[in-house]
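See below for upload06.tsv, which holds TSV, C-alpha atoms and all ligand atoms.
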```
chain	number	residue	atom	x	y	z
A	802	MET	CA	93.66	128.89	67.34
A	803	ASN	CA	95.82	126.90	64.97
A	804	GLN	CA	96.79	123.36	65.66
A	805	ALA	CA	100.42	124.02	66.53
A	806	LEU	CA	99.29	126.46	69.20
A	807	GLU	CA	96.81	123.95	70.56
A	808	THR	CA	99.53	121.34	70.85
A	809	GLN	CA	101.78	123.84	72.59
A	810	LEU	CA	99.01	124.80	74.97
A	811	TRP	CA	98.39	121.16	75.78
A	812	SER	CA	102.00	120.42	76.49
A	813	SER	CA	102.73	123.63	78.41
A	814	LEU	CA	99.75	123.32	80.74
A	815	PRO	CA	101.39	123.01	84.19
A	816	VAL	CA	98.43	120.95	85.46
A	817	PRO	CA	98.12	117.22	84.76
A	818	ALA	CA	95.41	116.82	82.10
A	819	ILE	CA	93.94	113.56	80.84
A	820	LEU	CA	91.63	113.16	77.90
A	821	MET	CA	89.26	110.20	78.13
A	822	ASP	CA	86.88	108.77	75.59
A	823	ALA	CA	83.25	107.75	76.00
A	824	ASP	CA	84.33	104.42	77.53
A	825	ASP	CA	86.69	106.03	80.08
A	826	LEU	CA	89.74	104.89	78.17
A	827	ILE	CA	92.72	107.26	78.19
A	828	ALA	CA	92.82	108.97	74.79
A	829	ASP	CA	95.65	111.38	75.49
A	830	MET	CA	97.55	113.04	78.32
A	831	ASN	CA	99.87	116.01	78.62
A	832	PRO	CA	103.46	115.88	79.91
A	833	ALA	CA	102.35	117.12	83.35
A	834	ALA	CA	100.02	114.12	83.57
A	835	GLU	CA	102.82	111.80	82.50
A	836	GLY	CA	104.84	113.22	85.37
A	837	PHE	CA	101.95	112.83	87.76
A	838	MET	CA	101.29	109.22	86.73
A	839	ASN	CA	105.03	108.52	86.56
A	840	ASN	CA	104.48	106.77	83.24
A	841	SER	CA	104.48	107.73	79.60
A	842	ALA	CA	101.47	108.43	77.42
A	843	LYS	CA	102.73	105.76	75.03
A	844	TRP	CA	101.94	103.07	77.63
A	845	LEU	CA	98.84	104.55	79.13
A	846	VAL	CA	96.81	105.57	76.08
A	847	GLY	CA	94.03	103.04	75.52
A	848	GLN	CA	93.96	101.87	79.13
A	849	PRO	CA	90.94	102.37	81.40
A	850	VAL	CA	91.55	105.58	83.29
A	851	TRP	CA	90.11	104.30	86.58
A	852	ASP	CA	92.49	101.31	86.51
A	853	ARG	CA	95.34	103.77	86.49
A	854	LEU	CA	93.99	106.40	88.84
A	855	ALA	CA	92.61	105.34	92.19
A	856	VAL	CA	90.19	108.09	93.17
A	857	ASP	CA	88.85	107.78	96.65
A	858	ALA	CA	85.33	109.03	95.90
A	859	PRO	CA	82.16	107.56	94.37
A	860	LEU	CA	82.55	109.18	90.97
A	861	GLU	CA	80.59	106.87	88.68
A	862	GLU	CA	77.11	108.26	89.01
A	863	ASN	CA	78.15	111.91	88.91
A	864	LEU	CA	80.43	111.33	85.98
A	865	ALA	CA	77.69	109.58	84.04
A	866	ARG	CA	75.36	112.51	84.72
A	867	ALA	CA	77.94	115.09	83.69
A	868	ARG	CA	78.58	113.14	80.52
A	869	ALA	CA	74.89	112.83	79.66
A	870	GLN	CA	74.13	116.49	80.34
A	871	GLY	CA	77.33	117.88	78.93
A	872	THR	CA	78.11	119.72	82.17
A	873	PRO	CA	81.39	119.94	84.08
A	874	LEU	CA	82.03	118.07	87.31
A	875	PHE	CA	84.17	119.35	90.15
A	876	VAL	CA	85.39	117.06	92.90
A	877	ASN	CA	87.47	118.65	95.64
A	878	ASP	CA	89.80	117.21	98.26
A	879	VAL	CA	89.93	113.62	97.12
A	880	ASP	CA	92.81	111.22	97.53
A	881	VAL	CA	94.21	110.28	94.15
A	882	GLY	CA	96.62	107.38	93.92
A	883	THR	CA	98.67	106.31	90.93
A	884	GLY	CA	100.14	103.12	92.33
A	885	SER	CA	103.67	104.47	92.16
A	886	ARG	CA	103.53	106.69	95.25
A	887	PRO	CA	101.31	107.53	98.22
A	888	PRO	CA	97.98	109.15	97.25
A	889	LEU	CA	97.89	112.95	96.97
A	890	VAL	CA	94.96	115.13	97.97
A	891	CYS	CA	93.69	116.66	94.71
A	892	ASN	CA	90.95	118.75	93.21
A	893	LEU	CA	89.51	117.25	90.03
A	894	GLN	CA	87.85	119.22	87.25
A	895	ILE	CA	86.20	117.09	84.62
A	896	ALA	CA	84.61	118.80	81.62
A	897	PRO	CA	82.99	117.52	78.42
A	898	LEU	CA	85.16	117.93	75.33
A	899	GLN	CA	83.48	120.12	72.75
A	900	GLY	CA	82.60	118.36	69.51
A	901	GLN	CA	83.35	114.82	70.79
A	902	PRO	CA	80.23	113.34	72.41
A	903	GLY	CA	81.06	111.40	75.56
A	904	TRP	CA	84.70	112.49	75.69
A	905	MET	CA	85.83	114.25	78.83
A	906	ILE	CA	88.91	116.15	79.81
A	907	MET	CA	90.10	115.87	83.39
A	908	LEU	CA	92.42	118.33	85.14
A	909	ILE	CA	94.07	117.09	88.32
A	910	SER	CA	95.30	119.77	90.73
A	911	PRO	CA	97.30	118.31	93.57
A	912	ARG	CA	96.45	120.37	96.62
A	913	GLU	CA	99.77	119.86	98.31
A	914	LEU	CA	101.56	121.31	95.32
A	915	ALA	CA	99.25	124.30	95.23
A	916	GLY	CA	99.84	124.80	98.94
A	917	ARG	CA	103.57	124.79	98.44
A	918	MET	CA	103.39	127.36	95.66
A	919	THR	CA	101.37	129.82	97.71
A	920	GLN	CA	103.74	129.35	100.56
A	921	SER	CA	106.85	130.32	98.67
A	922	HIS	CA	104.97	133.28	97.29
A	923	SER	CA	103.94	134.47	100.71
A	924	VAL	CA	107.49	134.08	101.98
A	925	LYS	CA	108.55	136.63	99.37
A	926	SER	CA	105.88	139.12	100.30
A	927	ALA	CA	106.57	138.48	103.96
A	928	ALA	CA	110.16	139.47	103.28
A	929	LYS	CA	108.88	142.66	101.68
A	930	SER	CA	106.66	143.65	104.57
A	931	ALA	CA	109.46	142.64	106.94
A	932	ILE	CA	111.57	145.30	105.28
A	933	GLY	CA	108.88	147.94	105.78
A	934	MET	CA	108.57	146.97	109.41
A	935	ALA	CA	112.33	146.81	109.91
A	936	GLU	CA	112.68	150.26	108.37
A	937	MET	CA	110.23	151.72	110.86
A	938	LEU	CA	111.93	149.96	113.74
A	939	ALA	CA	115.34	151.06	112.52
A	940	HIS	CA	114.26	154.65	112.76
A	941	GLU	CA	112.83	154.21	116.24
A	942	ILE	CA	115.81	152.31	117.63
A	943	LYS	CA	118.51	154.65	116.44
A	944	ASN	CA	117.67	157.51	118.85
A	945	PRO	CA	117.69	155.59	122.14
A	946	LEU	CA	120.75	153.76	120.90
A	947	ALA	CA	122.60	157.06	120.48
A	948	GLY	CA	121.64	157.81	124.10
A	949	ILE	CA	122.97	154.47	125.30
A	950	THR	CA	126.25	154.94	123.47
A	951	GLY	CA	126.65	158.45	124.86
A	952	ALA	CA	125.94	157.26	128.40
A	953	ALA	CA	128.46	154.45	128.07
A	954	GLN	CA	131.09	156.92	126.92
A	955	LEU	CA	130.38	159.20	129.87
A	956	LEU	CA	130.58	156.28	132.29
A	957	SER	CA	133.88	155.14	130.85
A	958	MET	CA	135.60	158.33	131.99
A	959	ASN	CA	135.67	157.23	135.63
A	960	LEU	CA	136.23	153.52	135.24
A	961	SER	CA	139.05	151.15	135.99
A	962	LYS	CA	140.72	149.35	133.13
A	963	ASP	CA	138.73	146.14	133.61
A	964	ASP	CA	135.41	147.89	133.59
A	965	LEU	CA	136.43	149.93	130.58
A	966	GLU	CA	136.28	146.77	128.54
A	967	LEU	CA	132.59	146.54	129.29
A	968	THR	CA	131.76	150.07	128.23
A	969	ASP	CA	133.85	149.62	125.12
A	970	LEU	CA	131.77	146.58	124.33
A	971	ILE	CA	128.59	148.62	124.69
A	972	VAL	CA	129.95	151.26	122.35
A	973	THR	CA	131.23	148.94	119.63
A	974	GLU	CA	128.16	146.74	119.65
A	975	SER	CA	125.87	149.78	119.53
A	976	ARG	CA	127.81	151.10	116.56
A	977	ARG	CA	127.33	147.77	114.85
A	978	ILE	CA	123.59	147.94	115.42
A	979	VAL	CA	123.47	151.50	114.08
A	980	LYS	CA	125.28	150.37	110.94
A	981	LEU	CA	122.81	147.58	110.44
A	982	LEU	CA	119.88	149.90	110.96
A	983	GLU	CA	121.27	152.37	108.46
A	984	GLN	CA	121.40	149.65	105.87
A	985	VAL	CA	117.81	148.70	106.53
A	986	GLU	CA	116.80	152.35	106.21
A	987	GLN	CA	118.71	152.72	103.00
A	988	PHE	CA	116.78	149.83	101.56
A	989	GLY	CA	113.47	151.39	102.48
A	990	ASN	CA	114.46	154.85	101.24
A	991	LEU	CA	115.29	153.68	97.78
A	992	SER	CA	113.34	155.86	95.35
A	993	ALA	CA	112.74	155.30	91.66
A	994	PRO	CA	115.95	155.81	89.68
A	995	GLU	CA	116.47	159.18	88.00
A	996	ARG	CA	117.78	157.89	84.74
A	997	ARG	CA	119.97	159.74	82.31
A	998	ALA	CA	122.98	159.05	80.11
A	999	VAL	CA	125.73	157.67	82.33
A	1000	ASN	CA	129.33	156.82	81.62
A	1001	ILE	CA	129.71	153.44	83.31
A	1002	HIS	CA	133.46	153.86	83.60
A	1003	ASP	CA	133.05	157.00	85.74
A	1004	VAL	CA	130.81	155.03	88.07
A	1005	LEU	CA	133.30	152.16	88.25
A	1006	ASP	CA	136.18	154.54	88.95
A	1007	ARG	CA	134.36	156.23	91.80
A	1008	ALA	CA	133.44	152.87	93.29
A	1009	ARG	CA	136.98	151.56	92.92
A	1010	ARG	CA	138.55	154.57	94.62
A	1011	SER	CA	136.20	154.59	97.54
A	1012	THR	CA	136.55	150.83	98.02
A	1013	GLN	CA	140.34	151.05	98.07
A	1014	LEU	CA	140.18	153.70	100.77
A	1015	GLY	CA	137.99	151.54	102.99
A	1016	VAL	CA	136.81	147.92	103.01
A	1017	GLY	CA	138.95	147.03	100.01
A	1018	ALA	CA	142.29	148.48	101.09
A	1019	HIS	CA	143.78	144.97	100.98
A	1020	MET	CA	142.51	144.27	97.46
A	1021	LYS	CA	144.04	144.77	94.06
A	1022	ILE	CA	141.43	146.19	91.69
A	1023	VAL	CA	142.19	145.83	88.00
A	1024	GLU	CA	140.39	147.72	85.21
A	1025	ASP	CA	139.61	145.92	82.01
A	1026	TYR	CA	137.43	148.41	80.13
A	1027	ASP	CA	136.12	148.59	76.61
A	1028	PRO	CA	136.90	152.27	75.97
A	1029	SER	CA	134.33	152.53	73.18
A	1030	LEU	CA	131.45	151.54	75.42
A	1031	PRO	CA	128.41	153.80	74.79
A	1032	LEU	CA	126.55	155.54	77.61
A	1033	ALA	CA	124.11	153.63	79.78
A	1034	HIS	CA	120.63	154.73	80.74
A	1035	GLY	CA	120.72	154.85	84.51
A	1036	ASP	CA	120.87	156.70	87.80
A	1037	PRO	CA	124.58	157.24	88.52
A	1038	ASP	CA	124.16	157.32	92.30
A	1039	GLN	CA	122.17	154.13	92.40
A	1040	LEU	CA	124.56	152.37	90.03
A	1041	LEU	CA	127.44	153.50	92.23
A	1042	GLN	CA	125.66	151.89	95.16
A	1043	VAL	CA	125.41	148.65	93.18
A	1044	VAL	CA	129.10	148.51	92.30
A	1045	LEU	CA	130.11	149.51	95.84
A	1046	ASN	CA	128.10	146.63	97.26
A	1047	LEU	CA	129.65	144.14	94.85
A	1048	LEU	CA	133.16	145.41	95.59
A	1049	ARG	CA	132.48	145.31	99.31
A	1050	ASN	CA	131.25	141.72	99.14
A	1051	ALA	CA	134.28	140.62	97.15
A	1052	SER	CA	136.60	142.42	99.60
A	1053	GLU	CA	134.87	140.94	102.63
A	1054	VAL	CA	135.19	137.32	101.49
A	1055	ALA	CA	138.84	137.66	100.47
A	1056	ASP	CA	141.62	136.73	102.86
A	1057	GLN	CA	141.94	139.84	105.02
A	1058	LYS	CA	145.75	139.65	105.15
A	1059	ALA	CA	146.74	138.28	101.76
A	1060	GLY	CA	144.00	140.18	99.94
A	1061	GLY	CA	142.85	139.23	96.48
A	1062	THR	CA	142.22	140.57	93.02
A	1063	ILE	CA	139.02	142.06	91.63
A	1064	ARG	CA	138.69	142.64	87.91
A	1065	LEU	CA	136.25	145.25	86.63
A	1066	HIS	CA	135.40	144.17	83.11
A	1067	THR	CA	133.17	146.06	80.69
A	1068	PHE	CA	132.18	145.05	77.18
A	1069	TYR	CA	129.48	145.38	74.59
A	1070	GLU	CA	127.31	142.44	73.70
A	1071	HIS	CA	125.09	143.33	70.83
A	1072	SER	CA	122.85	140.28	71.04
A	1073	PHE	CA	122.00	140.39	74.74
A	1074	ARG	CA	118.23	140.78	74.99
A	1075	MET	CA	115.78	140.28	77.81
A	1076	ARG	CA	112.47	138.68	77.09
A	1077	ARG	CA	109.89	139.80	79.61
A	1078	ALA	CA	106.86	137.95	80.87
A	1079	ASP	CA	104.57	140.29	78.92
A	1080	GLY	CA	106.30	139.31	75.68
A	1081	SER	CA	108.14	142.59	75.14
A	1082	GLY	CA	111.87	142.46	74.59
A	1083	GLN	CA	114.58	144.83	75.70
A	1084	SER	CA	118.09	145.15	74.46
A	1085	LEU	CA	120.70	145.14	77.27
A	1086	PRO	CA	124.01	145.36	75.43
A	1087	LEU	CA	126.16	147.01	78.13
A	1088	GLN	CA	127.92	144.43	80.25
A	1089	ILE	CA	129.70	145.05	83.53
A	1090	GLU	CA	131.42	142.18	85.27
A	1091	VAL	CA	132.85	142.25	88.76
A	1092	ILE	CA	135.14	139.25	89.00
A	1093	ASP	CA	136.95	138.13	92.11
A	1094	ASP	CA	139.29	135.28	92.92
A	1095	GLY	CA	137.88	134.60	96.39
A	1096	PRO	CA	136.34	131.44	97.85
A	1097	GLY	CA	133.09	131.58	95.85
A	1098	LEU	CA	129.48	131.62	97.05
A	1099	PRO	CA	128.67	129.38	100.02
A	1100	PRO	CA	126.86	126.37	98.46
A	1101	ASP	CA	123.98	126.39	100.95
A	1102	ILE	CA	122.80	129.90	100.03
A	1103	LYS	CA	123.93	129.96	96.41
A	1104	GLY	CA	120.40	130.05	95.03
A	1105	ASP	CA	119.08	132.72	97.40
A	1106	ILE	CA	121.78	135.38	97.64
A	1107	PHE	CA	119.57	138.05	96.05
A	1108	ASP	CA	116.83	137.58	98.65
A	1109	PRO	CA	116.79	139.96	101.61
A	1110	PHE	CA	118.26	138.73	104.91
A	1111	VAL	CA	120.19	135.89	103.27
A	1112	SER	CA	123.80	136.08	104.39
A	1113	GLY	CA	126.75	133.75	104.62
A	1114	LYS	CA	128.56	136.02	107.06
A	1115	GLU	CA	128.42	136.03	110.80
A	1116	ASN	CA	127.62	139.73	110.98
A	1117	GLY	CA	125.98	140.16	107.58
A	1118	THR	CA	122.49	141.62	107.24
A	1119	GLY	CA	121.98	140.04	103.83
A	1120	LEU	CA	120.62	143.26	102.39
A	1121	GLY	CA	123.49	144.18	100.07
A	1122	LEU	CA	122.56	142.00	97.13
A	1123	ALA	CA	118.83	142.45	97.69
A	1124	LEU	CA	119.43	146.17	97.21
A	1125	VAL	CA	121.60	145.50	94.15
A	1126	SER	CA	118.95	143.33	92.58
A	1127	LYS	CA	116.19	145.88	93.31
A	1128	ILE	CA	118.19	148.71	91.73
A	1129	ILE	CA	119.06	146.70	88.64
A	1130	SER	CA	115.50	145.59	88.14
A	1131	ASP	CA	114.31	149.23	88.55
A	1132	HIS	CA	116.71	149.96	85.69
A	1133	ASP	CA	115.09	147.27	83.51
A	1134	GLY	CA	118.46	145.55	83.63
A	1135	TRP	CA	119.59	142.06	84.49
A	1136	ILE	CA	122.02	140.63	87.01
A	1137	SER	CA	123.40	137.14	87.18
A	1138	VAL	CA	126.14	135.38	89.05
A	1139	ASP	CA	128.42	132.54	88.19
A	1140	SER	CA	130.62	131.24	90.96
A	1141	VAL	CA	133.13	128.51	91.62
A	1142	PRO	CA	135.87	128.59	94.26
A	1143	GLY	CA	138.55	130.94	92.94
A	1144	ARG	CA	136.32	132.76	90.48
A	1145	THR	CA	133.05	134.58	91.15
A	1146	VAL	CA	131.54	136.69	88.41
A	1147	PHE	CA	128.67	139.11	89.03
A	1148	ARG	CA	127.42	140.32	85.67
A	1149	ILE	CA	125.17	143.32	85.17
A	1150	SER	CA	123.52	144.00	81.83
A	1151	LEU	CA	122.10	147.46	81.21
A	1152	PRO	CA	120.21	149.28	78.47
A	1153	LEU	CA	121.78	152.01	76.35
A	1154	ALA	CA	120.91	155.66	76.83
A	1155	PRO	CA	118.55	156.85	74.07
A	1156	ARG	CA	120.35	157.91	70.90
A	1157	GLU	CA	119.78	161.67	71.27
A	1158	GLU	CA	121.46	161.54	74.72
A	1159	GLN	CA	124.42	159.59	73.34
A	1160	GLU	CA	125.06	162.35	70.84
A	1161	ASN	CA	124.69	165.16	73.37
A	1162	ASP	CA	127.53	163.83	75.40
A	1201	LIG	N1	131.90	137.86	95.71
A	1201	LIG	C1	131.41	136.96	96.58
A	1201	LIG	N2	132.09	135.82	96.86
A	1201	LIG	C2	131.59	134.91	97.73
A	1201	LIG	N3	130.41	135.04	98.38
A	1201	LIG	C3	129.69	136.14	98.14
A	1201	LIG	C4	130.13	137.17	97.25
A	1201	LIG	N4	129.18	138.13	97.21
A	1201	LIG	C5	128.22	137.73	98.05
A	1201	LIG	N5	128.50	136.55	98.63
A	1201	LIG	C6	127.69	135.80	99.59
A	1201	LIG	O1	126.35	136.25	99.48
A	1201	LIG	C7	125.87	136.65	100.77
A	1201	LIG	C8	124.84	137.74	100.61
A	1201	LIG	O2	125.45	138.96	100.24
A	1201	LIG	P1	124.76	140.32	100.62
A	1201	LIG	O3	125.63	141.43	100.14
A	1201	LIG	O4	123.35	140.30	100.17
A	1201	LIG	O5	124.72	140.29	102.21
A	1201	LIG	P2	125.91	140.42	103.23
A	1201	LIG	O6	127.16	140.88	102.54
A	1201	LIG	O7	126.00	139.16	104.01
A	1201	LIG	O8	125.37	141.54	104.20
A	1201	LIG	P3	125.31	143.11	103.90
A	1201	LIG	O9	125.71	143.33	102.48
A	1201	LIG	O10	123.88	143.47	104.14
A	1201	LIG	O11	126.26	143.70	104.88
A	1201	LIG	C9	127.12	137.06	101.52
A	1201	LIG	O12	126.93	136.96	102.91
A	1201	LIG	C10	128.15	136.05	101.01
A	1201	LIG	O13	128.03	134.84	101.71
A	1202	MG	MG	127.11	142.57	101.27
```
As structure tokens, what does this structure read like?
Amino acid sequence: MNQALETQLWSSLPVPAILMDADDLIADMNPAAEGFMNNSAKWLVGQPVWDRLAVDAPLEENLARARAQGTPLFVNDVDVGTGSRPPLVCNLQIAPLQGQPGWMIMLISPRELAGRMTQSHSVKSAAKSAIGMAEMLAHEIKNPLAGITGAAQLLSMNLSKDDLELTDLIVTESRRIVKLLEQVEQFGNLSAPERRAVNIHDVLDRARRSTQLGVGAHMKIVEDYDPSLPLAHGDPDQLLQVVLNLLRNASEVADQKAGGTIRLHTFYEHSFRMRRADGSGQSLPLQIEVIDDGPGLPPDIKGDIFDPFVSGKENGTGLGLALVSKIISDHDGWISVDSVPGRTVFRISLPLAPREEQEND
């Protein structure tokens, strides 16, 4: 490994790491350690490490042995204090530094932090298995619910006006539940996209027309297309679903009487590339923006709107954008949102259809 890489490695290590010399003086520390100690390396280098770190464990003997034998030392579940905040429970890993007799490198893993990370991870997978479970339940609940609705309708034939209100309530609420269940099912039924060359503008037109017949009847929908836009590589039905959900959201948050304006904007951005975790890159030059002039995202859920079951609406299931984000990621695309009151922009970036399919069209 070359030196630049080593330096990068040292500074990108997300775990506090401290290098100490044969006399337990701090020789170096990475930025994570600076954060942990709440002090900069400039001040701490040269100082005795155990003056700076209060470790609640009899380390001396073990450390001396590890040093003499050139073996690593692991100390779990110890309180580590830095003087600037209450001690944290940590795991310590102390290993001899190759080629520097007596020097040791110490990694400090705060247990509380680790615990928090696993937790947020398991919340995500819990959401996933919740969807599987909800899908199964949705299927099971729909049949008896149809029975209940039917029975209520039968009953209503012989009722007085006052009692009719009650059966009407049963019917409308049951319909609401069925709608919710259908959305849950739709989420579970989502199969892998069947991708081919798609004209994005056809998809947008279909979505616009169907929105204006239903949930978006009160909205003005403006087209702002780049007519030279090449074909995208996608599943037209799934992309339609995506645009429908975005249009529905924008229509639902707008003033139901005064309405609002939605702009469908397409353009080509040559330089838009995605860098993936595995290092590969993908070009996503096709841009679709759905822009509305509504109230903007509620601040309290702004960061989580793409997670399932996150909703800012009284009757929302919070599955619309989760579905959108799943479909776009299955398309190797990218979705982002930028929102302030009066202007919310959902932007989708998609890959081009392969060249031979562009020409076939
Ligand atoms: N264009 C928008 N303007 C303002 N807020 C929005 C917009 N789009 C989405 N949101 C907010 O994001 C939340 C999540 O949206 P999402 O579509 O995932 O769920 P939902 O609309 O509440 O329920 P569902 O789509 O399942 O019926 C919405 O409840 C709303 O608060
Ligand atoms: Mg929605």
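Here the question is which of A:Val1016, A:Glu966, A:Val985, A:His1071 gets nearest to Pro1109 of chain A using all atoms listed in the file, and that residue is A:Val985.
Nearest residue to ligand MG 1202 (chain A) among A:Asp829, A:Glu995, A:Glu1115, A:Asp1056 is A:Glu1115, counting all atoms listed in the file.
Distances to ligand MG 1202 (chain A) were evaluated for A:Leu1065, A:Leu1124, A:Met934, A:Val1146 using only C-alpha atoms and all ligand atoms, and the minimum falls at A:Leu1124.
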Could I get the residues of chain A with an atom no further than 8 Å from an atom of ligand LIG 1201 (chain A), each paired with its nearest atom pair and that distance in Å to one decimal, using only C-alpha atoms and all ligand atoms, sorted by chain and residue number, as JSON lines?
```
{"residue": "A:Leu981", "atom": "CA", "partner": "A:LIG1201", "partner_atom": "O10", "distance": 7.6}
{"residue": "A:Gln984", "atom": "CA", "partner": "A:LIG1201", "partner_atom": "O10", "distance": 6.9}
{"residue": "A:Asn1046", "atom": "CA", "partner": "A:LIG1201", "partner_atom": "O3", "distance": 6.4}
{"residue": "A:Leu1047", "atom": "CA", "partner": "A:LIG1201", "partner_atom": "N4", "distance": 6.5}
{"residue": "A:Leu1048", "atom": "CA", "partner": "A:LIG1201", "partner_atom": "N1", "distance": 7.7}
{"residue": "A:Arg1049", "atom": "CA", "partner": "A:LIG1201", "partner_atom": "O6", "distance": 7.6}
{"residue": "A:Asn1050", "atom": "CA", "partner": "A:LIG1201", "partner_atom": "N4", "distance": 4.6}
{"residue": "A:Ala1051", "atom": "CA", "partner": "A:LIG1201", "partner_atom": "N1", "distance": 3.9}
{"residue": "A:Ser1052", "atom": "CA", "partner": "A:LIG1201", "partner_atom": "N1", "distance": 7.6}
{"residue": "A:Glu1053", "atom": "CA", "partner": "A:LIG1201", "partner_atom": "O6", "distance": 7.7}
{"residue": "A:Val1054", "atom": "CA", "partner": "A:LIG1201", "partner_atom": "C2", "distance": 5.7}
{"residue": "A:Ala1055", "atom": "CA", "partner": "A:LIG1201", "partner_atom": "N2", "distance": 7.9}
{"residue": "A:Ile1092", "atom": "CA", "partner": "A:LIG1201", "partner_atom": "N1", "distance": 7.6}
{"residue": "A:Asp1093", "atom": "CA", "partner": "A:LIG1201", "partner_atom": "N1", "distance": 6.2}
{"residue": "A:Gly1095", "atom": "CA", "partner": "A:LIG1201", "partner_atom": "N2", "distance": 5.9}
{"residue": "A:Pro1096", "atom": "CA", "partner": "A:LIG1201", "partner_atom": "C2", "distance": 5.9}
{"residue": "A:Gly1097", "atom": "CA", "partner": "A:LIG1201", "partner_atom": "C2", "distance": 4.1}
{"residue": "A:Leu1098", "atom": "CA", "partner": "A:LIG1201", "partner_atom": "N3", "distance": 3.8}
{"residue": "A:Pro1099", "atom": "CA", "partner": "A:LIG1201", "partner_atom": "O13", "distance": 5.8}
{"residue": "A:Ile1102", "atom": "CA", "partner": "A:LIG1201", "partner_atom": "O1", "distance": 7.3}
{"residue": "A:Lys1103", "atom": "CA", "partner": "A:LIG1201", "partner_atom": "O1", "distance": 7.4}
{"residue": "A:Ile1106", "atom": "CA", "partner": "A:LIG1201", "partner_atom": "C8", "distance": 4.9}
{"residue": "A:Phe1107", "atom": "CA", "partner": "A:LIG1201", "partner_atom": "O4", "distance": 6.0}
{"residue": "A:Asp1108", "atom": "CA", "partner": "A:LIG1201", "partner_atom": "O4", "distance": 7.2}
{"residue": "A:Pro1109", "atom": "CA", "partner": "A:LIG1201", "partner_atom": "O4", "distance": 6.7}
{"residue": "A:Phe1110", "atom": "CA", "partner": "A:LIG1201", "partner_atom": "O4", "distance": 7.1}
{"residue": "A:Val1111", "atom": "CA", "partner": "A:LIG1201", "partner_atom": "C8", "distance": 5.7}
{"residue": "A:Ser1112", "atom": "CA", "partner": "A:LIG1201", "partner_atom": "O12", "distance": 3.6}
{"residue": "A:Gly1113", "atom": "CA", "partner": "A:LIG1201", "partner_atom": "O13", "distance": 3.4}
{"residue": "A:Lys1114", "atom": "CA", "partner": "A:LIG1201", "partner_atom": "O12", "distance": 4.6}
{"residue": "A:Glu1115", "atom": "CA", "partner": "A:LIG1201", "partner_atom": "O7", "distance": 7.9}
{"residue": "A:Asn1116", "atom": "CA", "partner": "A:LIG1201", "partner_atom": "O7", "distance": 7.2}
{"residue": "A:Gly1117", "atom": "CA", "partner": "A:LIG1201", "partner_atom": "O8", "distance": 3.7}
{"residue": "A:Thr1118", "atom": "CA", "partner": "A:LIG1201", "partner_atom": "O10", "distance": 3.9}
{"residue": "A:Gly1119", "atom": "CA", "partner": "A:LIG1201", "partner_atom": "O5", "distance": 3.2}
{"residue": "A:Leu1120", "atom": "CA", "partner": "A:LIG1201", "partner_atom": "O10", "distance": 3.7}
{"residue": "A:Gly1121", "atom": "CA", "partner": "A:LIG1201", "partner_atom": "O9", "distance": 3.4}
{"residue": "A:Leu1122", "atom": "CA", "partner": "A:LIG1201", "partner_atom": "O4", "distance": 3.6}
{"residue": "A:Ala1123", "atom": "CA", "partner": "A:LIG1201", "partner_atom": "O4", "distance": 5.6}
{"residue": "A:Leu1124", "atom": "CA", "partner": "A:LIG1201", "partner_atom": "O4", "distance": 7.7}
{"residue": "A:Ser1140", "atom": "CA", "partner": "A:LIG1201", "partner_atom": "N2", "distance": 7.6}
{"residue": "A:Thr1145", "atom": "CA", "partner": "A:LIG1201", "partner_atom": "N1", "distance": 5.7}
{"residue": "A:Val1146", "atom": "CA", "partner": "A:LIG1201", "partner_atom": "N1", "distance": 7.4}
{"residue": "A:Phe1147", "atom": "CA", "partner": "A:LIG1201", "partner_atom": "N1", "distance": 7.5}
```
How about saving the chosen residues, C-alpha atoms kept, as a short mmCIF file (atom, residue, chain, number, x, y, z; two decimals), keeping the file's coordinate frame?
```cif
data_model
loop_
_atom_site.label_atom_id
_atom_site.label_comp_id
_atom_site.auth_asym_id
_atom_site.auth_seq_id
_atom_site.Cartn_x
_atom_site.Cartn_y
_atom_site.Cartn_z
CA LEU A 981 122.81 147.58 110.44
CA GLN A 984 121.40 149.65 105.87
CA ASN A 1046 128.10 146.63 97.26
CA LEU A 1047 129.65 144.14 94.85
CA LEU A 1048 133.16 145.41 95.59
CA ARG A 1049 132.48 145.31 99.31
CA ASN A 1050 131.25 141.72 99.14
CA ALA A 1051 134.28 140.62 97.15
CA SER A 1052 136.60 142.42 99.60
CA GLU A 1053 134.87 140.94 102.63
CA VAL A 1054 135.19 137.32 101.49
CA ALA A 1055 138.84 137.66 100.47
CA ILE A 1092 135.14 139.25 89.00
CA ASP A 1093 136.95 138.13 92.11
CA GLY A 1095 137.88 134.60 96.39
CA PRO A 1096 136.34 131.44 97.85
CA GLY A 1097 133.09 131.58 95.85
CA LEU A 1098 129.48 131.62 97.05
CA PRO A 1099 128.67 129.38 100.02
CA ILE A 1102 122.80 129.90 100.03
CA LYS A 1103 123.93 129.96 96.41
CA ILE A 1106 121.78 135.38 97.64
CA PHE A 1107 119.57 138.05 96.05
CA ASP A 1108 116.83 137.58 98.65
CA PRO A 1109 116.79 139.96 101.61
CA PHE A 1110 118.26 138.73 104.91
CA VAL A 1111 120.19 135.89 103.27
CA SER A 1112 123.80 136.08 104.39
CA GLY A 1113 126.75 133.75 104.62
CA LYS A 1114 128.56 136.02 107.06
CA GLU A 1115 128.42 136.03 110.80
CA ASN A 1116 127.62 139.73 110.98
CA GLY A 1117 125.98 140.16 107.58
CA THR A 1118 122.49 141.62 107.24
CA GLY A 1119 121.98 140.04 103.83
CA LEU A 1120 120.62 143.26 102.39
CA GLY A 1121 123.49 144.18 100.07
CA LEU A 1122 122.56 142.00 97.13
CA ALA A 1123 118.83 142.45 97.69
CA LEU A 1124 119.43 146.17 97.21
CA SER A 1140 130.62 131.24 90.96
CA THR A 1145 133.05 134.58 91.15
CA VAL A 1146 131.54 136.69 88.41
CA PHE A 1147 128.67 139.11 89.03
#
```
